[in-house]
Every structure is written in structure tokens, then in C-alpha cells.
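Take a look at the structure below.
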Amino acid sequence: MAMTRGLWLAGGLLLGASHLAQAAWPEHPITLIVPAAPGGTTDIAARLLAEKMTSALGQSIIVENRAGAAGIIGSQAVARAAPDGYTLVMGNIGPNAINYSLYKTLPYTPKDFAPVTLVISVPNVLEVNAEQPVKTAAELVALLKQDPSKRSFGSSGTGQSPHMSAELFKQRVGVEATHVPYKGAGPAVAALLANQYTFMIDNLPSSLPSIKAGRLRALAVTSDKRSPQLPDVPTMKEAGIDNMVVTAWFGLLAPAGTPAPIIDKLYQAARTGLRSPDLVGKFQDLGGVPGGNTPAEFGAFIDHERSMWEQTVKAAGMYKEQ
């Protein structure tokens, strides 16, 4: 009886210590990895949300860019990190949905991540350098058909939403162009501003400033309705291109095995930030819609997206044997 009581007390102390450790979280700064270069939507959304979550959690959230390999480098780092709530990733449609069907092998699996919440959803925009004579999507298609060998398109990386959107565009209008991948939207936009390739389909937030400054020309958006930020720019359907509705999304994930109480604290902090009027306004100015769904809802959403893009990748013949 004495031994049983001693074991019960010891177990109670261990459970109590574990509870206190989780209750004290976070005790030091949190790292939020962005698997892309600065300047893109993943980076923009991460920095805006990190500021809000820092206030809610009482600890700094440090944004760290780890670009390269279609988001694989940054995603792998989080998949291998300790599941203690101190390392997170701003995931997105590329590394967390498209990559699973695009690559035969990856250094991570869907089970390596614990979903926290959807952060922002945005349309993509078909665009060219404003110095190009092209004024409409139809004129771009005509230009691409003139000499496909001399035409190219840029993207924020292989398998990212901009890349896949451009591949869908090529399929829908029957054109060819060489893909030029960059390590994020920032470098890709900079290259288009320098006229280094013909066109791009980018996430709207990363290109919107250059469009409004008149340096890039928006030809169409991939949403089912016109963007309030670009009311004069037609949808793909209005531009004569059917079946081209694409929404890019970005969301917060943690390493699998992160304790549920910590996931809940992260979710509550993120949701509070995403509901704040100033952040809602900033996301709307970017052409985006704030998220804030539950971890379970976000997990189910990612599963659906992964399945949907698997069919798209196979139809495009883009499956990579590597």
C-alpha cells in the first residue's frame, strides 16, 4: 500500500510538472520559419501575424526566411524540429499540398506537421511588365503563340501556386513557354520588373504594389470575382479563359507531436490577431481574406487541397521521379 501510494504521488508530481511546464509556455522567443525569400505573400503574412501573436503570447516571434527547393528546405527544418511550440512554419499550398504529388520523395510527410490555422487566402494575378505592348490576356496569348521558344514565365519556385497556375494557364489556352523558377516571389517580381521573362501569374499581395505603381500590368485575376483592389482587371473567365479559378492559401503549422494545449494557445493567439480590425484591413488591402479556422478544420482543408492538386499535377504530366 505504501509503495502504491508512493508511485501515485510520484506520478502526480510528474503530471503536475508537465502541466506547469505547458502552462508556462512560451518562456522564450518563438521562431516562425518562412520557406521562401522575403517580399512574397508567405513572408508578408508571416510578419504581419507574428506582430499580433507576439502581443497575445507575451513573447517575441522571430521570422526566419529559409528559401529554396520549392519550400522544401524550410518545411524540412520544421518537420525535424522539437515539438515544443518554439518552431513554427508559415506553410502554403506549395510545400504543404502540391509538393506531395509533384515529387516522388520528400524529406517530410503530411504527418510531420500539426495544423494550427489558415492565415490568409488570396487570388493570383496574370501580369506582364508595363513596358510590354500587351494590354489583355488575349494579346498575351497571341504573343506567346508567335514564337514559343523565345517566351518564358517566372514563378516563386517549382510547385508553388504561381508556377502551377501558369501551367494551368498554358493548358487552358494551348501555349508553350519556358519556366524560370526563383527562390520566392520577391526575386521573381524583381526579375519581371527587369523584363527578364515574358509573364508571371503571382500571388496578388506580392505584386500589388508594383501593379499600383504602374510598373507591372495586371491582365486577369484567378478569383471567381474581380478583386476589390483591382476592380478594372477582369477575372480569367471574363478574359475568355475558362476553368482557371485558383486560390492560394497560407497557414500556420507546428511540428507533429506538439502538445495540444500549446497548439490551442497558438491557435487562440493567431485567431485573435486575424480578427483584429487593423490586420483585417491590411489583409484586405493586399487582396486577401483572413483565415482563423480551427486546427481540425485547417487539417481537413489541407487534406482536401492535397488530393485536388494531385489530380492537377497528374493531368499536367508534371510528376517528378525524384
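Labeling convention for the C-alpha cells: chains A, B, ... as they appear, residues from 1 per chain, ligands from 1 in order of appearance.
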Give me the residues within 9 Å of A:Val246 as a ChimeraX atom specification, counting only C-alpha atoms and dropping any in the same chain fewer than 5 places off. /A:122-124,161,165,221-224
Please, could you write that set of residues out with N, CA, C and O atoms as a short mmCIF file (atom, residue, chain, number, x, y, z; two decimals), in the first residue's frame?
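Writing the result to result.cif gives the following:
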data_model
loop_
_atom_site.label_atom_id
_atom_site.label_comp_id
_atom_site.auth_asym_id
_atom_site.auth_seq_id
_atom_site.Cartn_x
_atom_site.Cartn_y
_atom_site.Cartn_z
N VAL A 122 -5.63 34.18 -50.98
CA VAL A 122 -5.51 35.27 -51.95
C VAL A 122 -5.69 34.74 -53.38
O VAL A 122 -5.40 33.59 -53.66
N PRO A 123 -6.15 35.60 -54.27
CA PRO A 123 -6.17 35.21 -55.69
C PRO A 123 -4.78 35.40 -56.29
O PRO A 123 -3.93 36.07 -55.69
N ASN A 124 -4.58 34.83 -57.45
CA ASN A 124 -3.36 35.09 -58.22
C ASN A 124 -3.68 36.07 -59.34
O ASN A 124 -4.85 36.27 -59.69
N SER A 161 2.10 27.85 -55.99
CA SER A 161 0.85 28.22 -56.65
C SER A 161 1.05 29.03 -57.93
O SER A 161 0.39 28.76 -58.95
N SER A 165 -0.31 27.66 -61.42
CA SER A 165 -1.31 28.49 -62.10
C SER A 165 -0.89 28.77 -63.54
O SER A 165 -1.71 28.74 -64.46
N VAL A 221 -7.30 38.19 -63.03
CA VAL A 221 -7.13 37.58 -61.71
C VAL A 221 -7.75 36.19 -61.73
O VAL A 221 -8.68 35.92 -62.52
N THR A 222 -7.26 35.29 -60.87
CA THR A 222 -7.72 33.90 -60.89
C THR A 222 -8.89 33.64 -59.95
O THR A 222 -9.29 32.49 -59.78
N SER A 223 -9.43 34.68 -59.32
CA SER A 223 -10.59 34.51 -58.45
C SER A 223 -11.86 34.42 -59.28
O SER A 223 -11.88 34.78 -60.47
N ASP A 224 -12.95 33.95 -58.66
CA ASP A 224 -14.21 33.85 -59.41
C ASP A 224 -14.90 35.20 -59.55
O ASP A 224 -15.81 35.35 -60.37
#
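Residue nearest A:Gln160, chosen from A:Thr41, A:Thr105, A:Thr198, A:Thr294 and counting only C-alpha atoms: A:Thr41.
Omitting A:Gly74 and its sequence neighbours fewer than 5 positions away, and counting only C-alpha atoms, the residues within 9 Å are Ile33, Val34, Pro35, Ala36, Asn65, Arg66, Ala67, Gly68, Ala69, Ala79 and Val89 of chain A.
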Residue neighbourhood A:Pro277, 12 Å, only C-alpha atoms, exclusion window fewer than 6 positions, as a ChimeraX atom specification: /A:52,283-284,290
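Proximity ranking of A:Leu253, A:Ala97, A:Ala166, A:Val233 relative to A:Ala270 places A:Leu253 first, based on only C-alpha atoms.
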Those of stretch 68-231 of chain A in DSSP helix (DSSP H, G or I), formatted as a ChimeraX atom specification: /A:69-79,93-102,110-112,137-146,148-150,161-173,185-193,204-212
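For the pair atom CA of A:Ala269 and atom CA of A:Val63, the separation is 16.1 Å.
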Considering only C-alpha atoms, return as a VMD selection string whatever protein or nucleic-acid residues lie within 12 Å of A:Ser207, sequence-local ones (same chain, fewer than 6 positions apart) excluded. chain A and resid 39 to 41 44 122 to 129 155 to 156 162 185 to 193 200 to 201 213 to 218 221 229 to 230 286 to 287
Take the residues from that selection and put them in a file with N, CA and C atoms, as a compact mmCIF listing (two decimals), in the first residue's frame.
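What ended up in result.txt:
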# COMPACT_ATOMS: atom_id res chain seq x y z
N GLY A 39 9.64 39.26 -49.11
CA GLY A 39 8.92 40.02 -50.12
C GLY A 39 7.72 39.34 -50.72
N GLY A 40 7.60 38.01 -50.55
CA GLY A 40 6.45 37.29 -51.09
C GLY A 40 5.30 37.26 -50.10
N THR A 41 4.18 36.68 -50.52
CA THR A 41 2.99 36.65 -49.66
C THR A 41 3.23 35.84 -48.40
N ILE A 44 5.13 38.20 -46.14
CA ILE A 44 4.31 39.33 -45.72
C ILE A 44 3.31 38.89 -44.65
N VAL A 122 -5.63 34.18 -50.98
CA VAL A 122 -5.51 35.27 -51.95
C VAL A 122 -5.69 34.74 -53.38
N PRO A 123 -6.15 35.60 -54.27
CA PRO A 123 -6.17 35.21 -55.69
C PRO A 123 -4.78 35.40 -56.29
N ASN A 124 -4.58 34.83 -57.45
CA ASN A 124 -3.36 35.09 -58.22
C ASN A 124 -3.68 36.07 -59.34
N VAL A 125 -2.65 36.67 -59.91
CA VAL A 125 -2.85 37.68 -60.95
C VAL A 125 -1.91 37.42 -62.12
N LEU A 126 -2.47 37.40 -63.32
CA LEU A 126 -1.70 37.27 -64.56
C LEU A 126 -1.16 38.65 -64.90
N GLU A 127 0.15 38.75 -65.10
CA GLU A 127 0.75 40.08 -65.26
C GLU A 127 1.95 40.05 -66.19
N VAL A 128 2.26 41.23 -66.71
CA VAL A 128 3.45 41.43 -67.55
C VAL A 128 4.11 42.74 -67.12
N ASN A 129 5.33 42.94 -67.55
CA ASN A 129 5.99 44.22 -67.35
C ASN A 129 5.21 45.30 -68.10
N SER A 155 8.28 32.30 -61.70
CA SER A 155 7.46 31.90 -60.56
C SER A 155 8.29 31.99 -59.29
N SER A 156 7.62 31.88 -58.17
CA SER A 156 8.29 31.91 -56.87
C SER A 156 8.93 30.58 -56.52
N PRO A 162 1.97 30.03 -57.95
CA PRO A 162 2.19 30.76 -59.21
C PRO A 162 2.65 29.87 -60.37
N ALA A 185 8.76 34.91 -54.24
CA ALA A 185 8.08 35.89 -55.08
C ALA A 185 8.88 37.19 -55.20
N GLY A 186 9.58 37.58 -54.13
CA GLY A 186 10.36 38.80 -54.18
C GLY A 186 11.35 38.82 -55.34
N PRO A 187 12.22 37.81 -55.44
CA PRO A 187 13.15 37.76 -56.57
C PRO A 187 12.45 37.61 -57.93
N ALA A 188 11.33 36.88 -57.95
CA ALA A 188 10.62 36.68 -59.22
C ALA A 188 10.01 38.00 -59.71
N VAL A 189 9.42 38.76 -58.80
CA VAL A 189 8.85 40.05 -59.18
C VAL A 189 9.95 41.01 -59.63
N ALA A 190 11.06 41.00 -58.92
CA ALA A 190 12.18 41.87 -59.29
C ALA A 190 12.66 41.55 -60.71
N ALA A 191 12.68 40.27 -61.05
CA ALA A 191 13.11 39.87 -62.40
C ALA A 191 12.11 40.30 -63.46
N LEU A 192 10.82 40.23 -63.14
CA LEU A 192 9.82 40.68 -64.11
C LEU A 192 9.90 42.20 -64.28
N LEU A 193 10.16 42.92 -63.21
CA LEU A 193 10.35 44.37 -63.31
C LEU A 193 11.54 44.72 -64.19
N MET A 200 4.07 36.41 -65.73
CA MET A 200 4.03 35.70 -64.46
C MET A 200 2.59 35.65 -63.98
N ILE A 201 2.24 34.59 -63.28
CA ILE A 201 1.00 34.56 -62.51
C ILE A 201 1.43 34.50 -61.05
N ALA A 213 1.78 50.87 -58.77
CA ALA A 213 2.78 51.89 -59.15
C ALA A 213 2.92 52.01 -60.66
N GLY A 214 2.21 51.15 -61.41
CA GLY A 214 2.26 51.23 -62.86
C GLY A 214 3.46 50.56 -63.49
N ARG A 215 4.20 49.78 -62.71
CA ARG A 215 5.39 49.12 -63.25
C ARG A 215 5.08 47.73 -63.79
N LEU A 216 4.02 47.11 -63.28
CA LEU A 216 3.53 45.84 -63.82
C LEU A 216 2.10 46.07 -64.29
N ARG A 217 1.69 45.33 -65.33
CA ARG A 217 0.33 45.45 -65.84
C ARG A 217 -0.43 44.16 -65.55
N ALA A 218 -1.52 44.27 -64.79
CA ALA A 218 -2.37 43.12 -64.47
C ALA A 218 -3.33 42.86 -65.63
N VAL A 221 -7.30 38.19 -63.03
CA VAL A 221 -7.13 37.58 -61.71
C VAL A 221 -7.75 36.19 -61.73
N GLN A 229 -9.31 45.29 -54.97
CA GLN A 229 -8.10 46.10 -55.12
C GLN A 229 -7.80 46.42 -56.58
N LEU A 230 -8.34 45.61 -57.50
CA LEU A 230 -8.12 45.81 -58.94
C LEU A 230 -9.46 45.70 -59.66
N LEU A 286 -4.22 43.96 -49.26
CA LEU A 286 -3.36 43.07 -50.05
C LEU A 286 -4.18 42.22 -51.03
N GLY A 287 -5.50 42.30 -50.92
CA GLY A 287 -6.34 41.47 -51.78
C GLY A 287 -6.64 40.12 -51.17
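Using only C-alpha atoms, the protein and nucleic acid residues lying no more than 8 Å from A:Val180, apart from those fewer than 5 places from it along its own chain, are Ser152, Phe153, Gly154, Ser155 and Tyr197 of chain A.
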Residue set, stretch 99-246 of chain A restricted to strand (DSSP E), as a compact mmCIF listing (two decimals) with all heavy atoms, in the first residue's frame:
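Below is the file part-v4.txt, written as the result:
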# COMPACT_ATOMS: atom_id res chain seq x y z
N PHE A 113 3.45 17.35 -39.61
CA PHE A 113 3.01 18.69 -39.23
C PHE A 113 1.69 18.65 -38.46
O PHE A 113 0.82 17.82 -38.75
CB PHE A 113 2.84 19.57 -40.47
CG PHE A 113 4.08 19.71 -41.29
CD1 PHE A 113 4.31 18.91 -42.39
CD2 PHE A 113 5.06 20.64 -40.93
CE1 PHE A 113 5.46 19.03 -43.15
CE2 PHE A 113 6.21 20.77 -41.68
CZ PHE A 113 6.43 19.96 -42.78
N ALA A 114 1.58 19.55 -37.51
CA ALA A 114 0.33 19.74 -36.77
C ALA A 114 -0.28 21.06 -37.22
O ALA A 114 0.31 22.12 -37.01
CB ALA A 114 0.60 19.77 -35.26
N PRO A 115 -1.44 21.04 -37.85
CA PRO A 115 -2.05 22.28 -38.31
C PRO A 115 -2.49 23.16 -37.14
O PRO A 115 -2.94 22.65 -36.11
CB PRO A 115 -3.25 21.80 -39.13
CG PRO A 115 -3.56 20.44 -38.62
CD PRO A 115 -2.24 19.85 -38.20
N VAL A 116 -2.36 24.47 -37.32
CA VAL A 116 -2.79 25.43 -36.30
C VAL A 116 -3.99 26.21 -36.83
O VAL A 116 -5.08 26.13 -36.29
CB VAL A 116 -1.66 26.39 -35.90
CG1 VAL A 116 -2.16 27.41 -34.88
CG2 VAL A 116 -0.48 25.60 -35.32
N THR A 117 -3.80 26.96 -37.92
CA THR A 117 -4.93 27.67 -38.52
C THR A 117 -4.56 28.23 -39.90
O THR A 117 -3.39 28.48 -40.18
CB THR A 117 -5.40 28.83 -37.62
OG1 THR A 117 -6.66 29.34 -38.10
CG2 THR A 117 -4.40 29.97 -37.59
N LEU A 118 -5.57 28.39 -40.73
CA LEU A 118 -5.41 29.09 -42.01
C LEU A 118 -5.21 30.57 -41.70
O LEU A 118 -5.92 31.13 -40.86
CB LEU A 118 -6.66 28.89 -42.87
CG LEU A 118 -6.71 29.59 -44.22
CD1 LEU A 118 -5.70 28.98 -45.18
CD2 LEU A 118 -8.12 29.48 -44.82
N VAL A 119 -4.26 31.21 -42.38
CA VAL A 119 -3.95 32.61 -42.10
C VAL A 119 -4.55 33.54 -43.15
O VAL A 119 -5.22 34.52 -42.83
CB VAL A 119 -2.42 32.82 -42.00
CG1 VAL A 119 -2.08 34.30 -41.88
CG2 VAL A 119 -1.87 32.06 -40.79
N ILE A 120 -4.32 33.26 -44.43
CA ILE A 120 -4.83 34.15 -45.48
C ILE A 120 -5.01 33.37 -46.78
O ILE A 120 -4.26 32.45 -47.08
CB ILE A 120 -3.87 35.35 -45.70
CG1 ILE A 120 -4.45 36.36 -46.69
CG2 ILE A 120 -2.49 34.87 -46.14
CD1 ILE A 120 -3.62 37.65 -46.81
N SER A 121 -6.05 33.75 -47.52
CA SER A 121 -6.29 33.20 -48.86
C SER A 121 -6.28 34.37 -49.85
O SER A 121 -6.86 35.43 -49.55
CB SER A 121 -7.63 32.49 -48.93
OG SER A 121 -7.68 31.42 -48.01
N VAL A 122 -5.63 34.18 -50.98
CA VAL A 122 -5.51 35.27 -51.95
C VAL A 122 -5.69 34.74 -53.38
O VAL A 122 -5.40 33.59 -53.66
CB VAL A 122 -4.12 35.97 -51.86
CG1 VAL A 122 -3.88 36.50 -50.46
CG2 VAL A 122 -3.00 35.02 -52.26
N PRO A 123 -6.15 35.60 -54.27
CA PRO A 123 -6.17 35.21 -55.69
C PRO A 123 -4.78 35.40 -56.29
O PRO A 123 -3.93 36.07 -55.69
CB PRO A 123 -7.17 36.20 -56.30
CG PRO A 123 -7.03 37.43 -55.46
CD PRO A 123 -6.74 36.93 -54.06
N ASN A 124 -4.58 34.83 -57.45
CA ASN A 124 -3.36 35.09 -58.22
C ASN A 124 -3.68 36.07 -59.34
O ASN A 124 -4.85 36.27 -59.69
CB ASN A 124 -2.79 33.79 -58.80
CG ASN A 124 -2.23 32.89 -57.70
OD1 ASN A 124 -1.90 33.34 -56.62
ND2 ASN A 124 -2.14 31.60 -58.00
N VAL A 125 -2.65 36.67 -59.91
CA VAL A 125 -2.85 37.68 -60.95
C VAL A 125 -1.91 37.42 -62.12
O VAL A 125 -0.72 37.18 -61.94
CB VAL A 125 -2.64 39.11 -60.39
CG1 VAL A 125 -1.26 39.28 -59.77
CG2 VAL A 125 -2.88 40.16 -61.46
N LEU A 126 -2.47 37.40 -63.32
CA LEU A 126 -1.70 37.27 -64.56
C LEU A 126 -1.16 38.65 -64.90
O LEU A 126 -1.93 39.62 -65.00
CB LEU A 126 -2.60 36.75 -65.68
CG LEU A 126 -2.01 36.71 -67.09
CD1 LEU A 126 -0.84 35.73 -67.17
CD2 LEU A 126 -3.10 36.34 -68.11
N GLU A 127 0.15 38.75 -65.10
CA GLU A 127 0.75 40.08 -65.26
C GLU A 127 1.95 40.05 -66.19
O GLU A 127 2.56 39.00 -66.41
CB GLU A 127 1.19 40.63 -63.89
CG GLU A 127 2.23 39.75 -63.22
CD GLU A 127 2.43 40.09 -61.75
OE1 GLU A 127 1.61 40.82 -61.19
OE2 GLU A 127 3.41 39.59 -61.16
N VAL A 128 2.26 41.23 -66.71
CA VAL A 128 3.45 41.43 -67.55
C VAL A 128 4.11 42.74 -67.12
O VAL A 128 3.52 43.55 -66.40
CB VAL A 128 3.09 41.51 -69.05
CG1 VAL A 128 2.53 40.19 -69.55
CG2 VAL A 128 2.12 42.67 -69.31
N ASN A 129 5.33 42.94 -67.55
CA ASN A 129 5.99 44.22 -67.35
C ASN A 129 5.21 45.30 -68.10
O ASN A 129 4.78 45.09 -69.24
CB ASN A 129 7.43 44.15 -67.87
CG ASN A 129 8.25 45.37 -67.52
OD1 ASN A 129 7.96 46.47 -67.99
ND2 ASN A 129 9.28 45.19 -66.72
N SER A 152 8.96 32.95 -71.96
CA SER A 152 9.18 32.30 -70.67
C SER A 152 8.29 32.92 -69.61
O SER A 152 7.74 34.01 -69.80
CB SER A 152 10.65 32.42 -70.26
OG SER A 152 11.05 33.78 -70.20
N PHE A 153 8.13 32.21 -68.52
CA PHE A 153 7.36 32.74 -67.40
C PHE A 153 8.10 32.47 -66.10
O PHE A 153 8.79 31.46 -65.97
CB PHE A 153 5.94 32.16 -67.35
CG PHE A 153 5.88 30.69 -66.98
CD1 PHE A 153 5.68 30.30 -65.66
CD2 PHE A 153 6.00 29.71 -67.95
CE1 PHE A 153 5.61 28.95 -65.31
CE2 PHE A 153 5.94 28.35 -67.62
CZ PHE A 153 5.75 27.98 -66.29
N GLY A 154 7.98 33.39 -65.17
CA GLY A 154 8.66 33.24 -63.89
C GLY A 154 7.70 32.77 -62.81
O GLY A 154 6.48 32.82 -62.95
N SER A 155 8.28 32.30 -61.70
CA SER A 155 7.46 31.90 -60.56
C SER A 155 8.29 31.99 -59.29
O SER A 155 9.52 32.13 -59.33
CB SER A 155 6.94 30.47 -60.73
OG SER A 155 7.92 29.52 -60.34
N THR A 178 8.83 28.63 -71.41
CA THR A 178 9.81 28.02 -70.51
C THR A 178 9.64 28.55 -69.10
O THR A 178 9.53 29.76 -68.89
CB THR A 178 11.23 28.32 -71.01
OG1 THR A 178 11.37 27.82 -72.34
CG2 THR A 178 12.27 27.66 -70.10
N HIS A 179 9.66 27.65 -68.13
CA HIS A 179 9.52 28.04 -66.73
C HIS A 179 10.87 28.49 -66.16
O HIS A 179 11.88 27.82 -66.31
CB HIS A 179 8.99 26.85 -65.90
CG HIS A 179 8.86 27.15 -64.44
ND1 HIS A 179 9.13 26.20 -63.47
CD2 HIS A 179 8.52 28.28 -63.78
CE1 HIS A 179 8.94 26.74 -62.28
NE2 HIS A 179 8.57 28.00 -62.44
N VAL A 180 10.85 29.64 -65.48
CA VAL A 180 12.05 30.17 -64.80
C VAL A 180 11.72 30.31 -63.31
O VAL A 180 11.08 31.28 -62.91
CB VAL A 180 12.47 31.54 -65.38
CG1 VAL A 180 13.77 32.00 -64.73
CG2 VAL A 180 12.61 31.48 -66.89
N PRO A 181 12.13 29.34 -62.49
CA PRO A 181 11.81 29.41 -61.06
C PRO A 181 12.79 30.28 -60.27
O PRO A 181 13.97 30.32 -60.58
CB PRO A 181 11.91 27.95 -60.62
CG PRO A 181 12.93 27.36 -61.53
CD PRO A 181 12.77 28.08 -62.86
N PHE A 199 6.03 36.69 -68.80
CA PHE A 199 4.86 36.91 -67.95
C PHE A 199 4.98 36.12 -66.66
O PHE A 199 5.85 35.26 -66.50
CB PHE A 199 3.56 36.53 -68.68
CG PHE A 199 3.31 35.03 -68.76
CD1 PHE A 199 2.51 34.38 -67.85
CD2 PHE A 199 3.89 34.28 -69.78
CE1 PHE A 199 2.27 33.01 -67.92
CE2 PHE A 199 3.68 32.90 -69.87
CZ PHE A 199 2.86 32.27 -68.93
N MET A 200 4.07 36.41 -65.73
CA MET A 200 4.03 35.70 -64.46
C MET A 200 2.59 35.65 -63.98
O MET A 200 1.79 36.54 -64.26
CB MET A 200 4.89 36.42 -63.42
CG MET A 200 4.94 35.74 -62.05
SD MET A 200 5.99 36.70 -60.90
CE MET A 200 5.94 35.64 -59.46
N ILE A 201 2.24 34.59 -63.28
CA ILE A 201 1.00 34.56 -62.51
C ILE A 201 1.43 34.50 -61.05
O ILE A 201 1.94 33.49 -60.58
CB ILE A 201 0.11 33.37 -62.88
CG1 ILE A 201 -0.30 33.44 -64.36
CG2 ILE A 201 -1.13 33.34 -61.98
CD1 ILE A 201 -1.26 32.35 -64.80
N ASP A 202 1.26 35.59 -60.34
CA ASP A 202 1.78 35.73 -58.99
C ASP A 202 0.65 35.82 -57.97
O ASP A 202 -0.48 36.17 -58.32
CB ASP A 202 2.64 37.00 -58.90
CG ASP A 202 3.41 37.11 -57.60
OD1 ASP A 202 3.64 36.07 -56.95
OD2 ASP A 202 3.78 38.24 -57.22
N ASN A 203 0.97 35.50 -56.70
CA ASN A 203 0.03 35.80 -55.62
C ASN A 203 -0.17 37.32 -55.60
O ASN A 203 0.81 38.07 -55.63
CB ASN A 203 0.57 35.34 -54.28
CG ASN A 203 0.91 33.86 -54.23
OD1 ASN A 203 1.90 33.47 -53.62
ND2 ASN A 203 0.10 33.02 -54.84
N LEU A 216 4.02 47.11 -63.28
CA LEU A 216 3.53 45.84 -63.82
C LEU A 216 2.10 46.07 -64.29
O LEU A 216 1.36 46.88 -63.71
CB LEU A 216 3.56 44.74 -62.75
CG LEU A 216 4.92 44.31 -62.22
CD1 LEU A 216 4.77 43.21 -61.17
CD2 LEU A 216 5.84 43.83 -63.35
N ARG A 217 1.69 45.33 -65.33
CA ARG A 217 0.33 45.45 -65.84
C ARG A 217 -0.43 44.16 -65.55
O ARG A 217 -0.04 43.07 -66.00
CB ARG A 217 0.34 45.72 -67.34
CG ARG A 217 -1.07 45.85 -67.95
CD ARG A 217 -1.02 46.18 -69.44
NE ARG A 217 -0.37 47.48 -69.65
CZ ARG A 217 0.73 47.64 -70.38
NH1 ARG A 217 1.31 46.59 -70.96
NH2 ARG A 217 1.25 48.84 -70.53
N ALA A 218 -1.52 44.27 -64.79
CA ALA A 218 -2.37 43.12 -64.47
C ALA A 218 -3.33 42.86 -65.63
O ALA A 218 -4.01 43.78 -66.10
CB ALA A 218 -3.14 43.38 -63.19
N LEU A 219 -3.39 41.62 -66.09
CA LEU A 219 -4.24 41.26 -67.22
C LEU A 219 -5.50 40.51 -66.79
O LEU A 219 -6.53 40.59 -67.46
CB LEU A 219 -3.46 40.40 -68.22
CG LEU A 219 -2.14 41.00 -68.74
CD1 LEU A 219 -1.49 40.02 -69.71
CD2 LEU A 219 -2.37 42.35 -69.40
N ALA A 220 -5.41 39.76 -65.70
CA ALA A 220 -6.57 39.00 -65.21
C ALA A 220 -6.25 38.45 -63.82
O ALA A 220 -5.08 38.26 -63.47
CB ALA A 220 -6.92 37.85 -66.16
N VAL A 221 -7.30 38.19 -63.03
CA VAL A 221 -7.13 37.58 -61.71
C VAL A 221 -7.75 36.19 -61.73
O VAL A 221 -8.68 35.92 -62.52
CB VAL A 221 -7.76 38.42 -60.59
CG1 VAL A 221 -6.98 39.71 -60.37
CG2 VAL A 221 -9.23 38.72 -60.87
